[in-house]
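Colleague: Okay, so here is run_11.tsv, and as you'll see once you scroll down, it has TSV, C-alpha atoms.
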chain	number	residue	atom	x	y	z
A	962	MET	CA	73.78	-115.01	219.23
A	963	SER	CA	75.39	-118.21	217.99
A	964	LEU	CA	73.56	-120.54	215.63
A	965	ASN	CA	73.08	-123.16	218.36
A	966	ARG	CA	71.41	-120.60	220.58
A	967	PHE	CA	69.31	-119.51	217.61
A	968	ILE	CA	67.77	-123.00	217.45
A	969	TYR	CA	67.30	-123.07	221.23
A	970	TYR	CA	65.59	-119.68	221.42
A	971	ASN	CA	63.36	-120.52	218.48
A	972	ALA	CA	62.12	-123.58	220.36
A	973	VAL	CA	61.68	-121.73	223.67
A	974	ILE	CA	59.97	-118.64	222.23
A	975	GLY	CA	57.74	-120.77	220.00
A	976	GLY	CA	56.65	-122.88	222.97
A	977	TRP	CA	55.95	-119.87	225.19
A	978	ALA	CA	54.02	-118.06	222.44
A	979	ALA	CA	51.79	-121.09	221.91
A	980	PHE	CA	51.31	-121.53	225.68
A	981	LEU	CA	50.15	-117.93	226.09
A	982	VAL	CA	47.64	-118.41	223.28
A	983	TRP	CA	46.32	-121.53	225.02
A	984	LEU	CA	45.96	-119.63	228.30
A	985	LEU	CA	44.13	-116.76	226.59
A	986	ALA	CA	41.85	-119.13	224.68
A	987	GLU	CA	41.00	-121.05	227.85
A	988	LEU	CA	40.01	-117.86	229.63
A	989	LEU	CA	37.94	-116.54	226.72
A	990	PHE	CA	36.07	-119.43	225.12
A	991	LEU	CA	37.60	-122.91	225.33
A	992	ARG	CA	36.52	-123.67	228.89
A	993	SER	CA	33.05	-122.18	228.58
A	994	ARG	CA	32.48	-123.47	225.05
A	995	SER	CA	30.81	-120.16	224.22
A	996	LEU	CA	31.66	-120.54	220.53
A	997	GLY	CA	30.86	-123.33	218.16
A	998	GLY	CA	33.40	-126.05	217.43
A	999	VAL	CA	34.38	-124.71	214.00
A	1000	ALA	CA	34.59	-121.11	215.25
A	1001	GLU	CA	36.72	-122.14	218.23
A	1002	ALA	CA	39.13	-124.08	216.00
A	1003	ALA	CA	39.38	-121.24	213.48
A	1004	LEU	CA	40.03	-118.54	216.07
A	1005	THR	CA	42.48	-120.69	218.03
A	1006	GLY	CA	44.47	-121.64	214.95
A	1007	THR	CA	44.61	-118.03	213.83
A	1008	LEU	CA	45.91	-116.85	217.22
A	1009	VAL	CA	48.49	-119.65	217.41
A	1010	GLY	CA	49.90	-118.90	213.97
A	1011	LEU	CA	50.04	-115.18	214.68
A	1012	ALA	CA	51.71	-115.56	218.10
A	1013	ILE	CA	54.40	-118.03	217.00
A	1014	ALA	CA	55.25	-115.96	213.91
A	1015	VAL	CA	55.71	-112.79	215.99
A	1016	GLY	CA	57.79	-114.74	218.54
A	1017	LEU	CA	60.13	-116.12	215.87
A	1018	ASN	CA	60.51	-112.64	214.43
A	1019	PHE	CA	61.54	-111.55	217.91
A	1020	VAL	CA	64.27	-114.22	217.88
A	1021	ALA	CA	65.43	-113.02	214.46
A	1022	GLY	CA	65.95	-109.57	215.97
A	1023	MET	CA	67.93	-111.08	218.85
A	1024	THR	CA	70.47	-112.59	216.44
A	1025	GLY	CA	71.61	-109.08	215.54
A	1026	GLY	CA	71.87	-107.87	219.12
A	1027	ARG	CA	68.44	-106.25	219.34
A	1028	TRP	CA	65.90	-107.23	221.98
A	1029	THR	CA	62.80	-105.86	220.26
A	1030	PRO	CA	60.92	-107.35	217.30
A	1031	ARG	CA	61.32	-105.72	213.91
A	1032	LEU	CA	57.93	-104.07	213.40
A	1033	SER	CA	57.23	-103.30	209.77
A	1034	SER	CA	54.62	-103.72	207.07
A	1035	GLU	CA	56.42	-106.88	205.92
A	1036	LEU	CA	56.03	-108.34	209.42
A	1037	ALA	CA	52.31	-107.61	209.30
A	1038	VAL	CA	52.02	-109.43	205.98
A	1039	GLY	CA	53.97	-112.39	207.36
A	1040	ALA	CA	51.82	-112.51	210.50
A	1041	LEU	CA	48.68	-112.54	208.37
A	1042	LEU	CA	50.12	-115.43	206.36
A	1043	ALA	CA	50.80	-117.36	209.56
A	1044	ALA	CA	47.29	-116.59	210.82
A	1045	ALA	CA	45.84	-117.82	207.53
A	1046	GLY	CA	47.82	-121.05	207.86
A	1047	GLY	CA	46.49	-121.52	211.37
A	1048	LEU	CA	42.94	-120.85	210.21
A	1049	VAL	CA	43.11	-123.31	207.31
A	1050	GLY	CA	44.83	-125.95	209.42
A	1051	ALA	CA	42.24	-125.66	212.18
A	1052	LEU	CA	39.38	-125.94	209.69
A	1053	LEU	CA	40.94	-129.04	208.13
A	1054	TYR	CA	41.09	-130.71	211.54
A	1055	SER	CA	37.61	-129.68	212.63
A	1056	ASP	CA	34.48	-131.74	212.08
A	1057	LEU	CA	33.93	-129.76	208.91
A	1058	VAL	CA	36.66	-131.70	207.05
A	1059	GLY	CA	38.10	-134.18	209.56
A	1060	LEU	CA	41.69	-134.52	208.37
A	1061	PRO	CA	44.26	-136.04	210.77
A	1062	ARG	CA	45.85	-133.69	213.24
A	1063	SER	CA	49.31	-134.15	211.71
A	1064	LEU	CA	48.15	-132.93	208.27
A	1065	SER	CA	46.22	-129.96	209.63
A	1066	TRP	CA	49.17	-128.88	211.78
A	1067	THR	CA	51.42	-129.27	208.74
A	1068	VAL	CA	49.39	-126.58	207.02
A	1069	LEU	CA	49.66	-124.43	210.16
A	1070	GLY	CA	53.46	-124.92	210.13
A	1071	LEU	CA	53.64	-123.90	206.48
A	1072	GLY	CA	51.95	-120.61	207.27
A	1073	ILE	CA	54.21	-119.91	210.26
A	1074	GLY	CA	57.38	-120.94	208.44
A	1075	GLY	CA	56.62	-118.81	205.40
A	1076	ALA	CA	55.88	-115.73	207.50
A	1077	GLU	CA	59.55	-114.95	208.27
A	1078	GLY	CA	60.62	-115.34	204.64
A	1079	VAL	CA	57.87	-112.98	203.49
A	1080	SER	CA	58.63	-110.41	206.18
A	1081	ALA	CA	62.38	-110.55	205.39
A	1082	LYS	CA	61.83	-110.60	201.60
A	1083	SER	CA	64.23	-113.52	201.33
A	1084	ALA	CA	63.66	-116.51	199.06
A	1085	VAL	CA	66.15	-118.57	201.09
A	1086	LYS	CA	64.36	-117.86	204.35
A	1087	LEU	CA	61.02	-118.59	202.72
A	1088	ARG	CA	62.25	-121.98	201.49
A	1089	ASN	CA	63.84	-122.95	204.80
A	1090	GLY	CA	60.85	-121.72	206.79
A	1091	LEU	CA	58.38	-123.72	204.72
A	1092	ILE	CA	60.46	-126.89	205.12
A	1093	GLY	CA	61.01	-126.46	208.85
A	1094	GLY	CA	57.46	-125.32	209.57
A	1095	ALA	CA	55.86	-128.22	207.70
A	1096	ALA	CA	58.17	-130.76	209.37
A	1097	GLY	CA	57.56	-129.26	212.81
A	1098	GLY	CA	53.79	-129.22	212.44
A	1099	PHE	CA	53.68	-132.78	211.14
A	1100	LEU	CA	55.92	-134.07	213.94
A	1101	ALA	CA	53.90	-132.27	216.63
A	1102	GLY	CA	50.70	-133.78	215.25
A	1103	LEU	CA	52.15	-137.28	215.39
A	1104	VAL	CA	53.42	-137.14	218.97
A	1105	PHE	CA	50.49	-135.25	220.46
A	1106	ASP	CA	47.75	-137.88	220.37
A	1107	PRO	CA	49.65	-140.53	222.40
A	1108	ILE	CA	50.44	-137.88	225.04
A	1109	ALA	CA	46.93	-136.43	225.11
A	1110	ARG	CA	45.29	-139.79	225.88
A	1111	SER	CA	46.98	-139.90	229.28
A	1112	GLY	CA	45.59	-136.58	230.57
A	1113	SER	CA	42.49	-134.47	230.92
A	1114	ASP	CA	41.08	-132.15	228.27
A	1115	LEU	CA	42.62	-129.11	229.94
A	1116	SER	CA	46.10	-130.56	230.28
A	1117	SER	CA	46.02	-132.17	226.86
A	1118	ARG	CA	45.20	-128.87	225.21
A	1119	ALA	CA	48.07	-127.18	227.09
A	1120	VAL	CA	50.48	-129.93	226.04
A	1121	ALA	CA	49.25	-129.69	222.46
A	1122	PHE	CA	49.93	-125.98	222.21
A	1123	VAL	CA	53.39	-126.22	223.80
A	1124	ILE	CA	54.45	-129.19	221.67
A	1125	LEU	CA	53.26	-127.41	218.54
A	1126	GLY	CA	55.17	-124.20	219.31
A	1127	VAL	CA	58.38	-125.96	220.37
A	1128	SER	CA	58.38	-128.33	217.40
A	1129	ILE	CA	57.71	-125.69	214.76
A	1130	GLY	CA	60.16	-123.20	216.28
A	1131	ALA	CA	62.98	-125.72	216.74
A	1132	LEU	CA	62.68	-127.26	213.27
A	1133	ILE	CA	62.46	-123.89	211.54
A	1134	GLY	CA	65.67	-122.82	213.31
A	1135	LEU	CA	67.34	-126.17	212.63
A	1136	THR	CA	66.47	-125.98	208.92
A	1137	HIS	CA	67.97	-122.50	208.66
A	1138	VAL	CA	71.21	-123.73	210.25
A	1139	VAL	CA	71.51	-127.03	208.37
A	1140	LEU	CA	70.78	-125.52	204.94
A	1141	LYS	CA	72.93	-122.42	205.41
A	1142	GLU	CA	75.31	-121.59	202.58
A	1143	ALA	CA	77.42	-118.78	204.01
A	1144	TRP	CA	77.54	-117.04	207.37
A	1145	LEU	CA	79.45	-114.50	209.45
A	1146	THR	CA	80.97	-114.89	212.91
A	1147	VAL	CA	82.02	-111.90	215.01
A	1148	VAL	CA	85.53	-112.80	216.20
A	1149	ASP	CA	86.38	-109.57	218.04
A	1150	GLY	CA	84.58	-106.36	218.86
A	1151	PHE	CA	80.95	-105.67	219.74
A	1152	GLY	CA	79.10	-108.87	220.59
A	1153	ALA	CA	81.90	-111.34	219.90
A	1154	GLY	CA	80.46	-114.76	219.14
A	1155	ARG	CA	77.41	-113.50	217.28
A	1156	GLN	CA	76.65	-115.24	214.01
A	1157	LEU	CA	74.54	-114.26	211.04
A	1158	ILE	CA	73.41	-116.47	208.17
A	1159	LEU	CA	73.79	-114.67	204.82
A	1160	SER	CA	70.30	-115.38	203.53
A	1161	GLN	CA	69.92	-112.05	201.72
A	1162	SER	CA	71.43	-111.18	198.35
A	1163	VAL	CA	72.99	-108.07	199.94
A	1164	THR	CA	74.04	-107.86	203.60
A	1165	VAL	CA	75.15	-104.52	205.05
A	1166	LEU	CA	77.35	-104.16	208.13
A	1167	GLY	CA	77.84	-101.01	210.18
A	1168	ARG	CA	76.64	-99.27	213.31
A	1169	GLY	CA	73.07	-98.71	212.09
A	1170	ASP	CA	70.48	-100.17	214.44
A	1171	HIS	CA	68.34	-101.17	211.47
A	1172	LEU	CA	70.93	-103.66	210.22
A	1173	ALA	CA	70.79	-107.40	210.77
A	1174	LEU	CA	74.22	-107.43	212.46
A	1175	PRO	CA	74.87	-103.96	213.95
A	1176	PHE	CA	78.07	-102.94	215.73
A	1177	LEU	CA	77.04	-100.62	218.53
A	1178	GLY	CA	78.70	-99.07	221.57
A	1179	TYR	CA	82.35	-98.15	221.83
A	1180	PRO	CA	83.60	-100.62	219.15
A	1181	GLY	CA	81.28	-99.02	216.62
A	1182	ARG	CA	82.13	-95.39	217.32
A	1183	ASP	CA	84.22	-94.91	214.15
A	1184	LEU	CA	81.98	-96.88	211.81
A	1185	GLU	CA	79.51	-95.51	209.33
A	1186	SER	CA	75.84	-96.32	209.65
A	1187	GLU	CA	76.30	-98.56	206.59
A	1188	HIS	CA	80.02	-99.30	206.52
A	1189	LEU	CA	80.35	-102.16	204.02
A	1190	ARG	CA	78.21	-104.49	201.98
A	1191	ILE	CA	78.55	-108.18	201.17
A	1192	THR	CA	76.87	-109.19	197.92
A	1193	ARG	CA	76.10	-112.65	196.65
A	1194	GLN	CA	77.05	-112.99	192.99
A	1195	PRO	CA	75.03	-115.04	190.47
A	1196	ASP	CA	77.78	-117.68	190.39
A	1197	GLY	CA	77.53	-118.21	194.17
A	1198	ARG	CA	80.58	-116.19	195.22
A	1199	TYR	CA	80.40	-113.47	197.86
A	1200	VAL	CA	82.03	-110.07	197.32
A	1201	VAL	CA	82.76	-107.45	199.99
A	1202	GLU	CA	82.96	-103.74	199.19
A	1203	ASP	CA	83.52	-100.68	201.34
A	1204	THR	CA	80.84	-98.00	201.04
A	1205	GLY	CA	83.33	-95.13	201.03
A	1206	SER	CA	83.80	-94.96	204.78
A	1207	ARG	CA	86.36	-92.72	206.46
A	1208	ILE	CA	88.44	-95.48	208.04
A	1209	GLY	CA	87.95	-98.06	205.31
A	1210	THR	CA	87.71	-101.85	205.43
A	1211	SER	CA	90.44	-104.47	205.36
A	1212	VAL	CA	90.41	-108.15	204.41
A	1213	ASN	CA	93.10	-110.36	205.94
A	1214	GLY	CA	95.09	-107.31	207.04
A	1215	ARG	CA	95.06	-105.54	203.64
A	1216	GLN	CA	93.02	-102.40	202.93
A	1217	ILE	CA	90.59	-102.97	200.08
A	1218	ARG	CA	90.06	-100.37	197.34
A	1219	GLY	CA	87.19	-102.02	195.48
A	1220	PRO	CA	85.08	-105.18	195.34
A	1221	VAL	CA	87.00	-108.19	196.68
A	1222	ALA	CA	85.88	-111.83	196.43
A	1223	LEU	CA	85.70	-113.62	199.77
A	1224	GLY	CA	86.91	-117.12	200.54
A	1225	ASP	CA	86.16	-119.39	203.45
A	1226	GLY	CA	87.94	-118.20	206.59
A	1227	ASP	CA	88.67	-114.64	205.41
A	1228	LEU	CA	88.78	-112.01	208.16
A	1229	ILE	CA	86.99	-108.71	207.56
A	1230	LYS	CA	88.04	-105.80	209.78
A	1231	LEU	CA	85.87	-102.72	210.19
A	1232	GLY	CA	87.16	-100.40	212.86
A	1233	SER	CA	88.03	-102.45	215.94
A	1234	ASN	CA	85.63	-105.24	214.94
A	1235	ILE	CA	86.74	-108.43	213.16
A	1236	VAL	CA	84.27	-110.69	211.36
A	1237	ARG	CA	85.11	-114.09	209.89
A	1238	PHE	CA	83.42	-115.11	206.62
A	1239	GLU	CA	82.60	-118.81	206.33
A	1240	HIS	CA	81.31	-120.64	203.27
A	1241	ARG	CA	80.10	-124.21	202.96
A	1242	GLN	CA	81.60	-124.69	199.47
A	1243	ARG	CA	85.12	-124.24	200.80
A	1244	ALA	CA	87.28	-125.78	198.12
A	1245	ALA	CA	85.47	-124.29	195.15
A	1246	VAL	CA	85.22	-120.79	196.55
A	1247	ARG	CA	88.81	-120.81	197.80
A	1248	GLY	CA	90.12	-121.67	194.34
A	1249	GLU	CA	87.96	-119.17	192.49
A	1250	ALA	CA	88.58	-116.33	194.90
A	1251	SER	CA	92.36	-116.69	195.13
A	1252	ALA	CA	92.93	-114.79	191.88
A	1253	ALA	CA	90.47	-112.00	192.66
A	1254	ARG	CA	91.21	-111.16	196.26
A	1255	PRO	CA	94.29	-109.47	197.74
A	1256	SER	CA	97.13	-111.39	199.28
A	1257	THR	CA	96.23	-112.87	202.61
A	1258	GLY	CA	99.62	-112.13	204.12
A	1259	ASN	CA	99.67	-110.02	207.22
A	1260	ALA	CA	101.56	-106.75	206.93
A	1261	GLY	CA	102.93	-107.13	210.44
A	1262	SER	CA	104.32	-110.64	210.02
A	1263	ILE	CA	108.07	-111.30	209.88
A	1264	ALA	CA	109.34	-112.72	206.61
A	1265	LYS	CA	111.24	-115.98	206.74
A	1266	PRO	CA	114.97	-115.41	205.93
A	1267	PRO	CA	116.24	-116.95	202.67
A	1268	PRO	CA	118.30	-120.13	202.94
A	1269	PRO	CA	122.13	-119.73	202.91
A	1270	PRO	CA	123.87	-120.26	199.55
A	1271	ALA	CA	125.06	-123.78	198.89
A	1272	THR	CA	128.82	-124.40	199.23
A	1273	PRO	CA	130.30	-125.71	195.94
A	1274	GLU	CA	131.72	-129.19	196.15
A	1275	PRO	CA	135.47	-129.66	195.33
A	1276	PRO	CA	136.21	-131.09	191.88
A	1277	PRO	CA	136.87	-134.83	191.79
A	1278	LEU	CA	140.45	-136.10	191.66
A	1279	PRO	CA	141.75	-137.16	188.23
A	1280	ALA	CA	141.43	-140.83	187.50
A	1281	SER	CA	144.71	-142.86	187.41
A	1282	SER	CA	145.54	-146.38	186.29
A	1283	GLY	CA	147.07	-147.39	189.59
A	1284	PRO	CA	145.43	-147.67	192.91
A	1285	GLN	CA	144.84	-144.47	194.80
A	1286	PRO	CA	146.87	-143.96	197.94
A	1287	GLY	CA	145.02	-144.82	201.07
A	1288	PRO	CA	145.41	-143.46	204.55
A	1289	THR	CA	148.05	-146.10	205.36
A	1290	ASP	CA	149.96	-145.78	202.07
A	1291	PRO	CA	153.65	-144.86	202.42
A	1292	GLN	CA	153.22	-142.08	199.92
A	1293	ARG	CA	150.94	-140.28	202.34
A	1294	ARG	CA	153.09	-140.90	205.45
A	1295	PRO	CA	154.86	-137.86	206.91
A	1296	PRO	CA	158.57	-137.55	206.11
A	1297	PRO	CA	160.95	-139.09	208.69
A	1298	GLU	CA	162.25	-136.84	211.32
A	1299	VAL	CA	165.77	-135.59	210.54
A	1300	LYS	CA	168.03	-135.50	213.56
A	1301	SER	CA	170.26	-132.52	213.75
A	1302	PRO	CA	174.02	-133.12	214.25
A	1303	PRO	CA	175.41	-132.43	217.65
A	1304	SER	CA	176.37	-128.91	218.31
A	1305	ASP	CA	180.06	-127.93	217.90
A	1306	SER	CA	180.06	-125.97	221.09
A	1307	ALA	CA	179.82	-129.14	223.22
A	1308	PRO	CA	183.26	-130.32	224.71
A	1309	ARG	CA	184.89	-133.35	223.08
A	1310	ILE	CA	186.70	-136.12	225.04
A	1311	PRO	CA	190.18	-136.88	223.56
A	1312	PRO	CA	190.88	-140.43	222.48
A	1313	PRO	CA	192.96	-142.58	224.79
A	1314	PRO	CA	196.80	-142.66	224.17
A	1315	PRO	CA	198.28	-145.65	222.34
A	1316	PRO	CA	199.74	-148.36	224.49
A	1317	PRO	CA	203.59	-148.35	225.04
A	1318	GLY	CA	205.80	-150.17	222.58
Can you give me the file's structure in the form of C-alpha cells?
Modeller:
Amino acid sequence: MSLNRFIYYNAVIGGWAAFLVWLLAELLFLRSRSLGGVAEAALTGTLVGLAIAVGLNFVAGMTGGRWTPRLSSELAVGALLAAAGGLVGALLYSDLVGLPRSLSWTVLGLGIGGAEGVSAKSAVKLRNGLIGGAAGGFLAGLVFDPIARSGSDLSSRAVAFVILGVSIGALIGLTHVVLKEAWLTVVDGFGAGRQLILSQSVTVLGRGDHLALPFLGYPGRDLESEHLRITRQPDGRYVVEDTGSRIGTSVNGRQIRGPVALGDGDLIKLGSNIVRFEHRQRAAVRGEASAARPSTGNAGSIAKPPPPPATPEPPPLPASSGPQPGPTDPQRRPPPEVKSPPSDSAPRIPPPPPPPG
C-alpha cells in the first residue's frame, strides 16, 4: 500500500482494535463492576495495549501485500511490551496514583509504539514508534475529557477507547512517514503503487512470502525467493546487490555485476518488476553515488547526432589606402554592351547619282 494509506489503515485498525476491547470489557466486568477499580484498570489497559499492537502489526503485513499478521516470537515480545505499557498506564491513572489521563495514556502509547520496533528488530522503527505512540496517547488524553463530559459512562468509555486507538495508530503511522529516510515505490509489476520504508539495515526483495515487499503471482515467476538485497552503509548510502539470481538485476537499464550505490530516483528492475529508490538526502547522495554506480543511460535510447562541422569563413580582403569599391562604384559595374557590326550579307542601297552639270 502507499504511505498515505499506511497512515489511514493504522488509524482505522487502531480504532477498531480498541473498540473491540471496550466491547469485550463491557461484557465481562466493566458494566457489572465485578472487579475492583485497580484490577479493572490494569486488565483493561493490558488488553488495549495488546489489541492495538497486534492490529498495527497486521497493518505492517498489509504494506507488503500480505493480509495476515506476521506471527513470530518477536511479535509476542512486542505484544507483551504493549500490554505492560497499558498496565502501567492504567495503574498511573487509577486511584492508586492519580496521574492525569494524558500522562497515563502517554505511557500506554510508549508501550504500543515500541512493540513494532521490538518485533521488527529495527532501531528506526523503535524510535519512530515511541515518538508517535507517546504523542498519540498524550493527545487522546487531552481531548477525551471534554468529550466524555457530554455523555453517559457507557458512551464515554466507548469514545475513550476509540479515540485512544485512532490517535495512537495515526500518529505512529504519521511519524514513520514523516521521519522516513529512504523508501521504495513499485512502479511496474506485482502490486504497482506499493511503498516500503527502508527502516532495516538490510532489505531483501524477491518472491518469498516472508519478505517485507514480496513479488508474487505471474510477475514474480522468474524471481528467486531472495533476489536482491539493499544494504544501508555506515555513511548513510544505500547499496543494491544481486544475490546470484538466474536473470540478474539491472539499475537504470544496465545489468549490475556487483554492489552498486543507489541515488534518488534510480530504477531497479528485477524480472518484469520495476522499483524506484527514493532518498530524502537527494543532493548529497546523488553526488556521492555518481562515481560508484553505472551510467544511467538507457541502452535502447537513440543517441543525439553530432553537430555538423563549422564552415570556415573566407579570409578578409587586404587593406588598401584608398576607399574600397562599393556596390555603385564604376569599377564594379558590368562592362558596356558591345554592339556587333551589321552583317555583310544584308543588301546595301546604292548612293544617289550626282546631279547633272
Colleague: Restricting the calculation to only C-alpha atoms, which member of A:Asp1149, A:Glu1142, A:Asp1106, A:Glu1077 is positioned closest to Gly1130 (chain A)?
Modeller: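 Once distances to Gly1130 (chain A) are computed over only C-alpha atoms, the minimum belongs to A:Glu1077.
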Colleague: Please identify all polymer residues within 9 Å of Arg1193 (chain A), counting only C-alpha atoms, omitting same-chain residues fewer than 2 positions from it, and present them as a list in words.
Modeller: Leu1159, Gln1161, Ser1162, Val1163, Thr1164, Ile1191, Pro1195, Asp1196, Gly1197, Arg1198, Tyr1199 and Val1200 of chain A
Colleague: Rounded to one decimal place, report the CA of Pro1107 (chain A)-CA of Gly1059 (chain A) distance in Å.
Modeller: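 One can read the CA of Pro1107 (chain A) to CA of Gly1059 (chain A) distance as 18.4 Å.
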Colleague: Taking (82.6, -119.0, 202.2) in the file's coordinates as the center, which residues reach within 7 Å of it, counting all atoms listed in the file, put as a PyMOL selection string?
Modeller: chain A and resi 1143+1223-1226+1238-1243+1246
Colleague: Which polymer residues have any atom within 12 Å of an atom of Thr1067 (chain A), counting all atoms listed in the file, with same-chain residues fewer than 3 positions away left out, as a ChimeraX atom specification?
Modeller: /A:1010,1043,1046-1047,1049-1051,1053-1054,1060-1064,1070-1074,1091-1103,1125,1128-1129
Colleague: Around all the atoms of region 970-977 of chain A listed in the file, draw an axis-aligned box and extend it by 6 Å on each of the six sides; I want its centre and edge lengths in Å to one decimal, as JSON.
Modeller:
{"center_x": 60.8, "center_y": -121.1, "center_z": 221.8, "size_x": 21.6, "size_y": 16.9, "size_z": 18.7}
Colleague: For a quick check of understanding, using only C-alpha atoms, which of A:Ala1119, A:Ala1045, A:Ala1076, A:Leu1017 has the smallest distance to Leu985 (chain A)?
Modeller: A:Ala1119
Colleague: Would you mind reading off the distance between CA of Pro1180 (chain A) and CA of Val1165 (chain A), one decimal, in Å?
Modeller: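 Rounded to one decimal, the two atoms are 16.9 Å apart.
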Colleague: Identify which of the residues A:Val1058, A:Val1068, A:Val1138, A:Leu1048 lies closest to Asn965 (chain A), counting only C-alpha atoms when measuring atom-to-atom distances.
Modeller: A:Val1138
Colleague: Considering only C-alpha atoms, return as a PDB file with C-alpha atoms, keeping the file's coordinate frame whatever protein or nucleic-acid residues lie within 9 Å of region 1122-1124 of chain A, sequence-local ones (same chain, fewer than 5 positions apart) excluded.
Modeller:
ATOM      1  CA  GLY A 975      57.740-120.770 220.000  1.00  0.00           C
ATOM      2  CA  GLY A 976      56.650-122.880 222.970  1.00  0.00           C
ATOM      3  CA  TRP A 977      55.950-119.870 225.190  1.00  0.00           C
ATOM      4  CA  ALA A 978      54.020-118.060 222.440  1.00  0.00           C
ATOM      5  CA  ALA A 979      51.790-121.090 221.910  1.00  0.00           C
ATOM      6  CA  PHE A 980      51.310-121.530 225.680  1.00  0.00           C
ATOM      7  CA  LEU A 981      50.150-117.930 226.090  1.00  0.00           C
ATOM      8  CA  VAL A 982      47.640-118.410 223.280  1.00  0.00           C
ATOM      9  CA  TRP A 983      46.320-121.530 225.020  1.00  0.00           C
ATOM     10  CA  VAL A1009      48.490-119.650 217.410  1.00  0.00           C
ATOM     11  CA  ALA A1101      53.900-132.270 216.630  1.00  0.00           C
ATOM     12  CA  GLY A1102      50.700-133.780 215.250  1.00  0.00           C
ATOM     13  CA  VAL A1104      53.420-137.140 218.970  1.00  0.00           C
ATOM     14  CA  PHE A1105      50.490-135.250 220.460  1.00  0.00           C
ATOM     15  CA  SER A1117      46.020-132.170 226.860  1.00  0.00           C
ATOM     16  CA  ILE A1129      57.710-125.690 214.760  1.00  0.00           C
TER      17      ILE A1129
END
Colleague: What is the distance, in Å and to one decimal place, between CA of Asp1183 (chain A) and CA of Ile1229 (chain A)?
Modeller: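 That distance, rounded to one decimal, is 15.5 Å.
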Colleague: Nearest to His1188 (chain A) among A:Ile968, A:Gly1150, A:Asn1213, A:Gly1232, with distances taken over all atoms listed in the file: which residue is it?
Modeller: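 Closest to His1188 (chain A) of all the choices is A:Gly1232.
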Colleague: Do you know which residues lie at most 10 Å from (80.1, -97.9, 218.6), with coordinates as in the file and all atoms listed in the file counted, and could you write them as a PDB file with C-alpha atoms, in the coordinates of the input?
Modeller:
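Result file is point.pdb:
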ATOM      1  CA  GLY A1150      84.580-106.360 218.860  1.00  0.00           C
ATOM      2  CA  PHE A1151      80.950-105.670 219.740  1.00  0.00           C
ATOM      3  CA  GLY A1167      77.840-101.010 210.180  1.00  0.00           C
ATOM      4  CA  ARG A1168      76.640 -99.270 213.310  1.00  0.00           C
ATOM      5  CA  GLY A1169      73.070 -98.710 212.090  1.00  0.00           C
ATOM      6  CA  PRO A1175      74.870-103.960 213.950  1.00  0.00           C
ATOM      7  CA  PHE A1176      78.070-102.940 215.730  1.00  0.00           C
ATOM      8  CA  LEU A1177      77.040-100.620 218.530  1.00  0.00           C
ATOM      9  CA  GLY A1178      78.700 -99.070 221.570  1.00  0.00           C
ATOM     10  CA  TYR A1179      82.350 -98.150 221.830  1.00  0.00           C
ATOM     11  CA  PRO A1180      83.600-100.620 219.150  1.00  0.00           C
ATOM     12  CA  GLY A1181      81.280 -99.020 216.620  1.00  0.00           C
ATOM     13  CA  ARG A1182      82.130 -95.390 217.320  1.00  0.00           C
ATOM     14  CA  ASP A1183      84.220 -94.910 214.150  1.00  0.00           C
ATOM     15  CA  LEU A1184      81.980 -96.880 211.810  1.00  0.00           C
ATOM     16  CA  GLU A1185      79.510 -95.510 209.330  1.00  0.00           C
ATOM     17  CA  GLY A1232      87.160-100.400 212.860  1.00  0.00           C
ATOM     18  CA  SER A1233      88.030-102.450 215.940  1.00  0.00           C
ATOM     19  CA  ASN A1234      85.630-105.240 214.940  1.00  0.00           C
TER      20      ASN A1234
END
Colleague: So that I can see what lies close to Pro1220 (chain A), please list as number ranges by chain the residues with an atom at most 9 Å from it, counting only C-alpha atoms and leaving out residues fewer than 6 positions away in the same chain.
Modeller: A: 1200-1203, 1254
